[in-house]
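What's in my_file_18.txt: compact mmCIF, C-alpha atoms
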```
# COMPACT_ATOMS: atom_id res chain seq x y z
CA MET A 1 12.11 -17.13 25.27
CA SER A 2 8.80 -17.43 23.46
CA ALA A 3 8.06 -15.31 20.44
CA ALA A 4 5.87 -12.25 20.96
CA PRO A 5 2.26 -12.88 19.98
CA ARG A 6 1.23 -11.59 16.59
CA THR A 7 -1.73 -9.27 16.48
CA ARG A 8 -4.44 -8.30 14.01
CA LEU A 9 -6.21 -5.01 13.42
CA ALA A 10 -9.60 -4.86 15.13
CA PRO A 11 -12.65 -4.96 12.79
CA GLU A 12 -13.79 -1.48 13.82
CA VAL A 13 -10.58 0.03 12.38
CA PHE A 14 -11.87 -0.52 8.85
CA ARG A 15 -15.20 1.32 9.25
CA LEU A 16 -16.85 -1.19 6.96
CA PRO A 17 -20.30 -0.56 5.45
CA VAL A 18 -21.58 -3.59 7.34
CA ALA A 19 -25.25 -3.40 6.33
CA ARG A 20 -24.39 -3.29 2.64
CA LEU A 21 -21.82 -6.07 2.94
CA ARG A 22 -24.45 -8.25 4.54
CA GLU A 23 -26.92 -7.65 1.74
CA GLY A 24 -24.28 -8.28 -0.97
CA TYR A 25 -24.33 -4.75 -2.36
CA TYR A 26 -20.63 -4.89 -3.33
CA SER A 27 -20.59 -8.58 -4.28
CA ASP A 28 -20.87 -10.32 -7.62
CA ALA A 29 -24.56 -11.03 -8.00
CA TYR A 30 -24.18 -14.78 -8.49
CA PHE A 31 -22.79 -15.13 -4.99
CA VAL A 32 -25.79 -13.29 -3.59
CA TYR A 33 -28.15 -15.52 -5.60
CA THR A 34 -26.28 -18.59 -4.36
CA LYS A 35 -26.75 -17.57 -0.74
CA GLN A 36 -30.41 -16.79 -1.33
CA LEU A 37 -31.08 -20.10 -3.09
CA LEU A 38 -29.32 -22.27 -0.52
CA GLU A 39 -31.20 -20.58 2.30
CA GLU A 40 -34.56 -20.88 0.54
CA VAL A 41 -34.22 -24.61 -0.18
CA GLY A 42 -32.67 -25.34 3.22
CA HIS A 43 -29.45 -26.76 1.78
CA ARG A 44 -26.61 -25.89 4.16
CA PRO A 45 -23.51 -27.90 3.19
CA ARG A 46 -20.48 -27.50 5.42
CA VAL A 47 -17.61 -26.51 3.15
CA LEU A 48 -13.92 -25.77 3.40
CA LEU A 49 -12.89 -22.87 1.18
CA GLN A 50 -9.25 -21.97 0.55
CA VAL A 51 -7.76 -18.76 -0.82
CA PHE A 52 -4.49 -18.35 -2.75
CA GLN A 53 -2.66 -16.25 -5.36
CA LYS A 54 0.06 -16.97 -7.93
CA HIS A 55 3.02 -14.67 -7.17
CA HIS A 56 5.97 -14.41 -4.83
CA SER A 57 4.38 -11.65 -2.80
CA ARG A 58 3.55 -10.14 0.59
CA LEU A 59 0.14 -10.74 2.11
CA GLY A 60 -1.96 -7.63 2.54
CA GLY A 61 -5.62 -7.11 3.34
CA ILE A 62 -6.00 -10.24 5.46
CA ASP A 63 -7.17 -8.38 8.57
CA GLU A 64 -9.76 -6.51 6.51
CA ALA A 65 -10.93 -9.80 4.99
CA ILE A 66 -11.29 -11.30 8.46
CA ALA A 67 -13.19 -8.21 9.62
CA MET A 68 -15.67 -8.72 6.77
CA LEU A 69 -16.25 -12.30 7.89
CA LYS A 70 -16.63 -11.30 11.53
CA LEU A 71 -19.11 -8.52 10.85
CA ALA A 72 -20.99 -9.63 7.74
CA ALA A 73 -21.14 -13.45 7.75
CA GLY A 74 -24.56 -14.71 8.79
CA GLN A 75 -28.19 -14.72 7.69
CA ARG A 76 -31.54 -13.07 8.12
CA GLY A 77 -33.91 -14.63 10.62
CA PRO A 78 -37.67 -15.11 10.05
CA ASP A 79 -38.26 -11.69 11.59
CA GLY A 80 -35.75 -10.03 9.25
CA ARG A 81 -33.13 -9.43 11.92
CA TRP A 82 -29.50 -10.33 11.18
CA ILE A 83 -28.15 -13.44 12.87
CA PRO A 84 -24.33 -13.25 13.02
CA GLY A 85 -22.48 -16.26 11.63
CA TRP A 86 -18.88 -15.73 12.71
CA GLU A 87 -19.10 -18.02 15.74
CA LYS A 88 -20.18 -20.86 13.45
CA LEU A 89 -17.12 -20.51 11.20
CA GLU A 90 -13.63 -21.89 11.63
CA VAL A 91 -11.12 -19.53 9.99
CA HIS A 92 -7.37 -19.98 9.65
CA ALA A 93 -5.10 -17.32 8.14
CA LEU A 94 -1.61 -15.93 7.75
CA TYR A 95 -0.78 -12.42 8.98
CA GLU A 96 -0.43 -8.99 7.41
CA GLY A 97 2.92 -8.65 5.68
CA ASP A 98 3.75 -12.35 5.62
CA PRO A 99 5.85 -13.37 2.60
CA ILE A 100 3.83 -15.79 0.48
CA GLU A 101 4.61 -18.22 -2.31
CA PRO A 102 2.68 -18.88 -5.53
CA TRP A 103 -0.34 -21.13 -4.85
CA GLU A 104 0.21 -20.99 -1.10
CA THR A 105 -3.03 -21.10 0.89
CA VAL A 106 -3.31 -17.83 2.86
CA LEU A 107 -6.83 -18.25 4.26
CA THR A 108 -9.30 -21.07 4.87
CA ILE A 109 -12.94 -20.69 5.87
CA GLU A 110 -14.91 -23.68 7.11
CA GLY A 111 -18.61 -23.63 7.90
CA GLU A 112 -22.08 -23.67 6.40
CA TYR A 113 -21.64 -22.16 2.96
CA PRO A 114 -24.73 -19.88 3.00
CA LEU A 115 -23.26 -18.03 5.98
CA PHE A 116 -20.40 -16.53 3.95
CA ALA A 117 -20.99 -17.25 0.23
CA HIS A 118 -21.97 -13.60 -0.37
CA LEU A 119 -18.61 -12.23 0.85
CA GLU A 120 -16.17 -13.81 -1.62
CA THR A 121 -15.99 -10.82 -3.95
CA VAL A 122 -15.21 -8.30 -1.23
CA TYR A 123 -12.59 -10.20 0.72
CA LEU A 124 -10.78 -11.28 -2.45
CA GLY A 125 -10.76 -7.66 -3.62
CA SER A 126 -9.26 -6.49 -0.35
CA LEU A 127 -6.53 -9.14 -0.51
CA ALA A 128 -5.75 -8.34 -4.14
CA ARG A 129 -5.44 -4.59 -3.68
CA ARG A 130 -3.46 -4.57 -0.45
CA SER A 131 -1.12 -7.38 -1.53
CA LEU A 132 -0.34 -5.48 -4.72
CA ILE A 133 0.72 -2.46 -2.65
CA MET A 134 2.67 -4.68 -0.26
CA ARG A 135 4.55 -6.43 -3.06
CA ASN A 136 5.38 -3.22 -4.90
CA VAL A 137 6.54 -1.35 -1.79
CA ASP A 138 8.57 -4.35 -0.65
CA ALA A 139 10.35 -4.32 -4.02
CA VAL A 140 11.38 -0.65 -3.76
CA VAL A 141 12.36 -1.01 -0.11
CA ARG A 142 14.69 -3.86 -1.04
CA ALA A 143 16.08 -1.90 -3.98
CA ALA A 144 16.79 1.13 -1.75
CA ARG A 145 19.08 -0.96 0.49
CA GLY A 146 17.90 0.57 3.75
CA LYS A 147 17.32 4.14 2.56
CA PRO A 148 13.88 5.58 3.39
CA ILE A 149 11.01 5.14 0.97
CA LEU A 150 8.29 7.81 0.94
CA TYR A 151 4.93 6.53 -0.33
CA PHE A 152 3.57 9.19 -2.73
CA PRO A 153 0.87 7.74 -5.02
CA ALA A 154 -2.18 9.43 -3.45
CA ARG A 155 -2.77 11.76 -6.41
CA HIS A 156 -2.72 8.87 -8.86
CA ASP A 157 -5.71 6.96 -7.52
CA HIS A 158 -9.15 7.34 -5.95
CA TRP A 159 -9.07 8.90 -2.49
CA HIS A 160 -11.15 6.10 -1.00
CA VAL A 161 -8.27 3.59 -1.19
CA GLN A 162 -5.84 5.72 0.81
CA THR A 163 -6.38 4.30 4.30
CA GLY A 164 -5.82 0.64 3.50
CA ASP A 165 -3.12 1.31 0.91
CA GLY A 166 -1.20 3.47 3.36
CA TRP A 167 -1.35 0.72 5.97
CA ALA A 168 -0.11 -1.85 3.45
CA ALA A 169 2.77 0.43 2.46
CA HIS A 170 3.64 0.97 6.13
CA VAL A 171 3.72 -2.75 6.88
CA ALA A 172 5.85 -3.36 3.78
CA GLY A 173 8.47 -0.87 4.94
CA ALA A 174 7.61 2.62 3.66
CA ILE A 175 9.01 5.15 6.13
CA GLY A 176 6.46 7.86 5.36
CA VAL A 177 3.15 8.49 3.58
CA SER A 178 1.79 11.72 2.16
CA THR A 179 -1.72 11.95 3.64
CA ASP A 180 -3.16 11.67 7.13
CA ALA A 181 -5.64 9.11 5.80
CA GLN A 182 -2.81 6.82 4.70
CA ALA A 183 -1.29 7.04 8.18
CA SER A 184 -4.54 6.76 10.14
CA TRP A 185 -4.51 3.04 10.94
CA TRP A 186 -1.31 3.34 12.99
CA GLY A 187 -1.98 6.85 14.31
CA GLY A 188 0.59 8.63 12.16
CA ARG A 189 0.53 11.76 10.01
CA GLY A 190 1.21 12.53 6.38
CA VAL A 191 4.59 14.02 5.48
CA GLY A 192 5.54 16.25 2.59
CA THR A 193 7.64 19.04 1.16
CA VAL A 194 7.31 22.70 0.31
CA PRO A 195 5.22 22.19 -2.85
CA HIS A 196 5.38 23.82 -6.26
CA GLY A 197 1.97 25.37 -5.63
CA LEU A 198 3.21 27.35 -2.62
CA ILE A 199 6.29 28.44 -4.56
CA ALA A 200 4.04 29.68 -7.35
CA ALA A 201 1.89 31.50 -4.78
CA TYR A 202 5.03 33.44 -3.85
CA GLY A 203 5.67 34.47 -7.44
CA GLY A 204 7.97 31.54 -8.22
CA ASP A 205 10.37 32.50 -5.43
CA THR A 206 11.41 29.17 -3.89
CA VAL A 207 13.38 30.84 -1.10
CA ALA A 208 10.49 33.09 -0.06
CA ALA A 209 8.06 30.18 0.03
CA ALA A 210 10.53 28.01 1.92
CA ARG A 211 11.14 30.71 4.54
CA VAL A 212 7.44 31.13 5.29
CA PHE A 213 6.81 27.39 5.35
CA ALA A 214 9.78 26.64 7.60
CA GLU A 215 8.93 29.42 10.02
CA ARG A 216 5.44 27.98 10.48
CA PHE A 217 6.15 24.24 10.46
CA HIS A 218 9.78 23.54 11.39
CA ALA A 219 8.81 22.60 14.95
CA GLU A 220 6.32 20.02 13.64
CA MET A 221 8.16 18.29 10.79
CA ASN A 222 11.40 17.86 8.89
CA ILE A 223 11.44 20.69 6.38
CA THR A 224 12.11 19.48 2.84
CA VAL A 225 11.94 21.85 -0.12
CA LEU A 226 11.36 21.14 -3.81
CA VAL A 227 14.20 22.89 -5.67
CA ASP A 228 13.38 22.29 -9.34
CA PHE A 229 10.90 25.16 -9.88
CA ASP A 230 13.44 27.20 -11.90
CA ASN A 231 15.04 24.10 -13.44
CA ASP A 232 18.37 24.90 -11.82
CA SER A 233 18.35 22.56 -8.85
CA PRO A 234 21.95 22.95 -7.58
CA ARG A 235 21.69 26.73 -7.45
CA THR A 236 18.25 26.71 -5.84
CA ALA A 237 19.27 24.06 -3.31
CA VAL A 238 22.16 26.21 -2.08
CA GLU A 239 19.99 29.34 -1.93
CA VAL A 240 17.40 27.53 0.17
CA ALA A 241 20.07 26.07 2.46
CA ARG A 242 21.56 29.50 3.05
CA ALA A 243 18.16 31.02 3.77
CA LEU A 244 16.88 28.32 6.14
CA GLY A 245 20.06 27.22 7.86
CA PRO A 246 19.44 24.54 10.51
CA GLN A 247 15.70 24.59 9.83
CA LEU A 248 16.30 22.75 6.53
CA TRP A 249 16.26 18.96 6.68
CA GLY A 250 16.52 18.27 2.96
CA VAL A 251 15.87 19.22 -0.64
CA ARG A 252 13.82 17.26 -3.12
CA LEU A 253 14.55 16.83 -6.82
CA ASP A 254 11.51 16.28 -9.02
CA THR A 255 12.60 17.41 -12.51
CA SER A 256 10.21 16.38 -15.27
CA GLU A 257 11.31 13.43 -17.39
CA ARG A 258 10.85 15.71 -20.41
CA MET A 259 13.25 18.37 -19.18
CA VAL A 260 17.00 18.81 -18.63
CA ASP A 261 18.22 20.71 -15.58
CA ARG A 262 20.37 23.73 -16.50
CA SER A 263 23.30 22.37 -14.53
CA LEU A 264 23.60 19.49 -17.01
CA ILE A 265 23.78 21.45 -20.24
CA ASP A 266 27.58 21.51 -20.46
CA SER A 267 27.95 17.79 -19.65
CA MET A 268 25.38 16.34 -22.06
CA GLY A 269 26.40 13.72 -24.56
CA GLU A 270 27.17 10.46 -22.78
CA PHE A 271 24.05 9.95 -20.63
CA ASP A 272 20.31 10.63 -20.71
CA PRO A 273 20.13 14.09 -19.12
CA ARG A 274 16.35 14.21 -18.70
CA GLY A 275 14.53 14.15 -15.40
CA VAL A 276 16.14 13.17 -12.12
CA ASN A 277 19.29 11.29 -13.09
CA PRO A 278 22.51 10.31 -11.31
CA GLN A 279 24.52 13.26 -12.62
CA LEU A 280 21.90 15.77 -11.49
CA VAL A 281 21.93 14.30 -7.98
CA ALA A 282 25.73 14.44 -7.98
CA ASN A 283 25.63 18.09 -9.07
CA VAL A 284 23.27 19.00 -6.24
CA ARG A 285 25.34 17.10 -3.68
CA GLN A 286 28.54 18.76 -4.87
CA ALA A 287 26.93 22.22 -4.74
CA LEU A 288 25.59 21.72 -1.21
CA ASP A 289 28.84 20.25 0.06
CA GLY A 290 30.86 23.02 -1.56
CA ALA A 291 28.73 25.66 0.16
CA GLY A 292 29.13 24.00 3.56
CA PHE A 293 25.78 22.23 3.70
CA GLY A 294 26.89 18.61 3.76
CA ASP A 295 24.20 17.75 6.33
CA VAL A 296 21.32 18.71 3.98
CA ARG A 297 19.74 15.54 2.64
CA ILE A 298 18.64 14.84 -0.93
CA VAL A 299 15.27 13.27 -1.67
CA VAL A 300 14.48 12.24 -5.25
CA SER A 301 11.14 11.60 -6.90
CA GLY A 302 9.54 11.49 -10.32
CA GLY A 303 9.14 8.21 -12.20
CA PHE A 304 11.01 6.05 -9.73
CA THR A 305 10.52 2.29 -9.83
CA ALA A 306 12.29 -0.60 -8.10
CA GLU A 307 14.48 -0.98 -11.18
CA LYS A 308 15.45 2.70 -11.27
CA ILE A 309 16.20 2.75 -7.54
CA ASP A 310 18.32 -0.38 -7.89
CA ARG A 311 20.30 1.30 -10.68
CA PHE A 312 20.89 4.42 -8.55
CA GLU A 313 22.08 2.29 -5.65
CA ARG A 314 24.41 0.20 -7.78
CA LEU A 315 25.95 3.41 -9.09
CA GLY A 316 26.35 4.84 -5.60
CA VAL A 317 24.26 7.93 -6.34
CA PRO A 318 24.21 10.16 -3.20
CA VAL A 319 20.48 9.90 -2.54
CA ASP A 320 19.20 9.94 1.04
CA ALA A 321 15.55 9.02 0.43
CA TYR A 322 13.28 8.05 -2.45
CA GLY A 323 9.76 9.36 -3.07
CA VAL A 324 7.85 6.81 -5.14
CA GLY A 325 4.41 7.36 -6.63
CA SER A 326 2.38 5.76 -9.39
CA SER A 327 4.58 2.68 -9.89
CA LEU A 328 3.47 1.43 -6.47
CA ILE A 329 -0.17 1.05 -7.51
CA ARG A 330 0.42 -0.55 -10.91
CA GLY A 331 0.13 -4.23 -11.73
CA GLN A 332 -2.06 -6.97 -10.33
CA ASN A 333 -1.99 -9.51 -7.52
CA ASP A 334 -5.26 -11.39 -7.92
CA TYR A 335 -6.59 -13.99 -5.49
CA THR A 336 -8.79 -17.04 -6.07
CA ALA A 337 -11.13 -18.81 -3.66
CA ASP A 338 -12.18 -22.45 -4.13
CA VAL A 339 -14.48 -24.74 -2.22
CA VAL A 340 -12.29 -27.85 -1.86
CA MET A 341 -14.13 -29.91 0.76
CA VAL A 342 -17.87 -30.49 1.23
CA ASP A 343 -19.20 -32.20 4.36
CA GLY A 344 -15.75 -33.57 5.08
CA ARG A 345 -15.13 -35.03 1.63
CA PRO A 346 -12.85 -33.70 -1.16
CA CYS A 347 -14.87 -31.74 -3.70
CA ALA A 348 -13.09 -29.24 -5.93
CA LYS A 349 -13.17 -28.30 -9.56
CA ALA A 350 -10.68 -30.01 -11.86
CA GLY A 351 -7.17 -28.70 -11.38
CA ARG A 352 -7.76 -27.60 -7.81
CA SER A 353 -7.44 -29.54 -4.57
CA TYR A 354 -7.10 -28.94 -0.87
CA ARG A 355 -3.60 -27.66 -0.01
CA PRO A 356 -3.15 -27.53 3.77
CA ASN A 357 -0.72 -24.93 5.02
CA PRO A 358 0.91 -25.47 8.44
CA ARG A 359 1.69 -21.74 8.63
CA LEU A 360 -2.00 -20.85 9.00
CA GLU A 361 -3.23 -19.92 12.48
CA ARG A 362 -6.76 -20.13 13.86
CA VAL A 363 -8.51 -16.74 14.00
CA LEU A 364 -10.51 -16.22 17.16
```

Represent the structure contained in this file as structure tokens.
Amino acid sequence: MSAAPRTRLAPEVFRLPVARLREGYYSDAYFVYTKQLLEEVGHRPRVLLQVFQKHHSRLGGIDEAIAMLKLAAGQRGPDGRWIPGWEKLEVHALYEGDPIEPWETVLTIEGEYPLFAHLETVYLGSLARRSLIMRNVDAVVRAARGKPILYFPARHDHWHVQTGDGWAAHVAGAIGVSTDAQASWWGGRGVGTVPHGLIAAYGGDTVAAARVFAERFHAEMNITVLVDFDNDSPRTAVEVARALGPQLWGVRLDTSERMVDRSLIDSMGEFDPRGVNPQLVANVRQALDGAGFGDVRIVVSGGFTAEKIDRFERLGVPVDAYGVGSSLIRGQNDYTADVVMVDGRPCAKAGRSYRPNPRLERVL
């Protein structure tokens, strides 16, 4: 049996500002000047440009980079109209989510350099951002050993990055995202919990807020309730479970890393009791099980990283899902582009050379 064909997102998915990409509005100015100069003097060398990065990572942003080339490569004609250049380029690339090695070529572009010189900044930026998300989400997914990862960093970054970041997280294995924008590229929806704000709106009564929320939304989503508002998570979890019954899917622990849940006061001394820690999760699980709610799941969030998740899993902490936020958008995963061949002959700066990659596939 042959393998199923791999697909790419269509260019229109990205809603790119095509006119501004073509004019170099988002590009480093020297690339725009280079394009302008080469066109003015009539120098149109045929180059091979290769793109790589320096980490063990997952490739993200490649479909967006290809979309930029398809829609914004080209030149202005004598009458000022745009003449598309994609059909004159030969592009080879890996696919979204592919594991990649340090220095591995992930994309090559071959064609007359003035057709695409102005796009280097924007496609490298897309690759860098989305691969960072991919790599970070992949790390927490692996650490969670098959338990669901909820992608929750929306509040920690500019809203404009949500669509592409959510897609990258989805491809890397996140089971849910928190905004509709993050889920838009695959037609999903954002997921969430009964928030602290709604609890506050009901005078700090978690049960009252949970009842109203569940009554309205239980047919549309799995109802999960934050239970740390009063800093007594085991007690609140049981109260919510009793009030909601089968409408309750799970409870979420989100205790501040500067606070100690009341249920831990008598057991302090041999572990760090702050925030969401293994003993707090155990206390909540024991309380729910003891009250007959063994089917209520526990979601944890608040400062979770791949390392913290790995520690919880090694200890066998009874967590059912992890909500991970700001750690997923931290770090860097930069890409570099080099012209390595000119008119069929090797031509690269010192320390760089053409590195063919048999994994690359022609983009049509």

A:Met221 surroundings by only C-alpha atoms, 12 Å radius, close-in-sequence under 4 positions cut, as number ranges by chain:
A: 176, 189-194, 213-217, 247-250

Do a neighbour search on A:Tyr30 at 12 Å with all atoms listed in the file, toss out local chain neighbours closer than 6 positions, and write the hits as number ranges by chain.
A: 24, 36-37, 117-121

For a test of reading the model, state the distance in Å between atom CA of A:Ser353 and atom CA of A:Phe31, rounded to one decimal.
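Computing it gives 21.1 Å between the two atoms.
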
Can you work out which one of A:Ala219, A:Val106, A:Ala243, A:Ala143 has the shortest atom-to-atom distance to A:Thr305, counting only C-alpha atoms?
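Of the candidates, the smallest distance to A:Thr305 is held by A:Ala143.
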
Using all atoms listed in the file: which of A:Gly164, A:Gly204, A:Gly74, A:Gly187 has the shortest distance to A:Gly125
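Closest candidate: A:Gly164.
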
Quick one: residues within 8 Å of A:Lys54, all atoms listed in the file counted, chain neighbours fewer than 4 positions away excluded, as a ChimeraX atom specification?
/A:101-104,333-335

Could you give me, as a VMD selection string, the residues within 12 Å of stretch 258-270 of chain A, counting only C-alpha atoms and dropping anything in the same chain fewer than 3 positions from it?
chain A and resid 227 to 236 253 to 255 273 to 284 286 to 287 302 to 303

Record the distance separating atom CA of A:Pro195 and atom CA of A:Leu328, expressed in Å with one decimal.
21.1 Å

Give as an NGL selection string each residue that has an atom at most 8 Å from (-21.2, -28.9, 3.1) in the file, counting only C-alpha atoms.
:A and (44-48 or 111-113 or 341-344)

Output as CSV one row per residue of stretch 152-172 of chain A within 8 Å of stretch 133-138 of chain A: the closest atom pair and its distance in Å to one decimal place, counting all atoms listed in the file, sorted by chain and residue number ascending.
```
residue,atom,partner,partner_atom,distance
A:Asp165,CA,A:Ile133,CA,6.5
A:Ala168,CA,A:Met134,CA,5.4
A:Ala169,CA,A:Met134,CA,5.8
A:Val171,CA,A:Met134,CA,7.5
A:Ala172,CA,A:Asp138,CA,5.3
```

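Distances here use all atoms listed in the file; by that measure, the residue among A:Asp289, A:Glu307, A:Glu110, A:Glu96 closest to A:Ala65 is A:Glu96.
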
Do you know which residues are at most 8 Å from stretch 83-89 of chain A counting only C-alpha atoms, after dropping those on the same chain fewer than 3 positions away, and could you put them as a PyMOL selection string?
chain A and resi 69-77+109-112+115-116

Which residue gives the smallest distance to A:Lys308 among A:Ala144, A:Phe271, A:Glu239, A:Arg330, with only C-alpha atoms counted?
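Of the candidates, the smallest distance to A:Lys308 is held by A:Ala144.
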
Which residue gives the smallest distance to A:Phe312 among A:Val207, A:Val140, A:Ala350, A:Leu226, with all atoms listed in the file counted?
A:Val140

Rounded to one decimal, what separation in Å do you get between atom CA of A:Tyr354 and atom CA of A:Val340?
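Going from atom CA of A:Tyr354 over to atom CA of A:Val340 covers 5.4 Å.
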
From the coordinates supplied, stretch 246-279 of chain A should be written with C-alpha atoms, as a PDB file, in the first residue's frame.
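The result, written out as part_34.pdb:
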```pdb
ATOM      1  CA  PRO A 246     -22.787  14.233  35.863  1.00  0.00           C
ATOM      2  CA  GLN A 247     -22.504  17.668  34.248  1.00  0.00           C
ATOM      3  CA  LEU A 248     -18.985  18.039  35.688  1.00  0.00           C
ATOM      4  CA  TRP A 249     -16.133  16.746  33.532  1.00  0.00           C
ATOM      5  CA  GLY A 250     -13.244  17.961  35.666  1.00  0.00           C
ATOM      6  CA  VAL A 251     -11.737  20.425  38.104  1.00  0.00           C
ATOM      7  CA  ARG A 252      -8.720  22.591  37.486  1.00  0.00           C
ATOM      8  CA  LEU A 253      -6.033  23.495  40.006  1.00  0.00           C
ATOM      9  CA  ASP A 254      -4.307  26.821  39.431  1.00  0.00           C
ATOM     10  CA  THR A 255      -2.948  27.845  42.859  1.00  0.00           C
ATOM     11  CA  SER A 256      -0.480  30.724  42.728  1.00  0.00           C
ATOM     12  CA  GLU A 257       3.174  29.783  43.096  1.00  0.00           C
ATOM     13  CA  ARG A 258       3.300  32.264  45.977  1.00  0.00           C
ATOM     14  CA  MET A 259       0.532  30.602  47.965  1.00  0.00           C
ATOM     15  CA  VAL A 260      -0.039  27.377  49.930  1.00  0.00           C
ATOM     16  CA  ASP A 261      -3.399  25.629  49.691  1.00  0.00           C
ATOM     17  CA  ARG A 262      -5.097  25.249  53.088  1.00  0.00           C
ATOM     18  CA  SER A 263      -5.197  21.481  52.733  1.00  0.00           C
ATOM     19  CA  LEU A 264      -1.387  21.390  52.920  1.00  0.00           C
ATOM     20  CA  ILE A 265      -0.863  23.327  56.133  1.00  0.00           C
ATOM     21  CA  ASP A 266      -0.651  20.285  58.405  1.00  0.00           C
ATOM     22  CA  SER A 267       1.727  18.389  56.095  1.00  0.00           C
ATOM     23  CA  MET A 268       4.298  21.116  55.421  1.00  0.00           C
ATOM     24  CA  GLY A 269       7.934  20.525  56.160  1.00  0.00           C
ATOM     25  CA  GLU A 270       9.362  18.015  53.704  1.00  0.00           C
ATOM     26  CA  PHE A 271       8.312  19.478  50.338  1.00  0.00           C
ATOM     27  CA  ASP A 272       7.717  22.851  48.686  1.00  0.00           C
ATOM     28  CA  PRO A 273       4.025  23.440  49.434  1.00  0.00           C
ATOM     29  CA  ARG A 274       3.550  26.435  47.138  1.00  0.00           C
ATOM     30  CA  GLY A 275       1.465  26.455  43.997  1.00  0.00           C
ATOM     31  CA  VAL A 276       0.207  23.324  42.287  1.00  0.00           C
ATOM     32  CA  ASN A 277       2.374  20.522  43.632  1.00  0.00           C
ATOM     33  CA  PRO A 278       2.111  16.720  43.761  1.00  0.00           C
ATOM     34  CA  GLN A 279       0.703  16.608  47.291  1.00  0.00           C
TER      35      GLN A 279
END
```
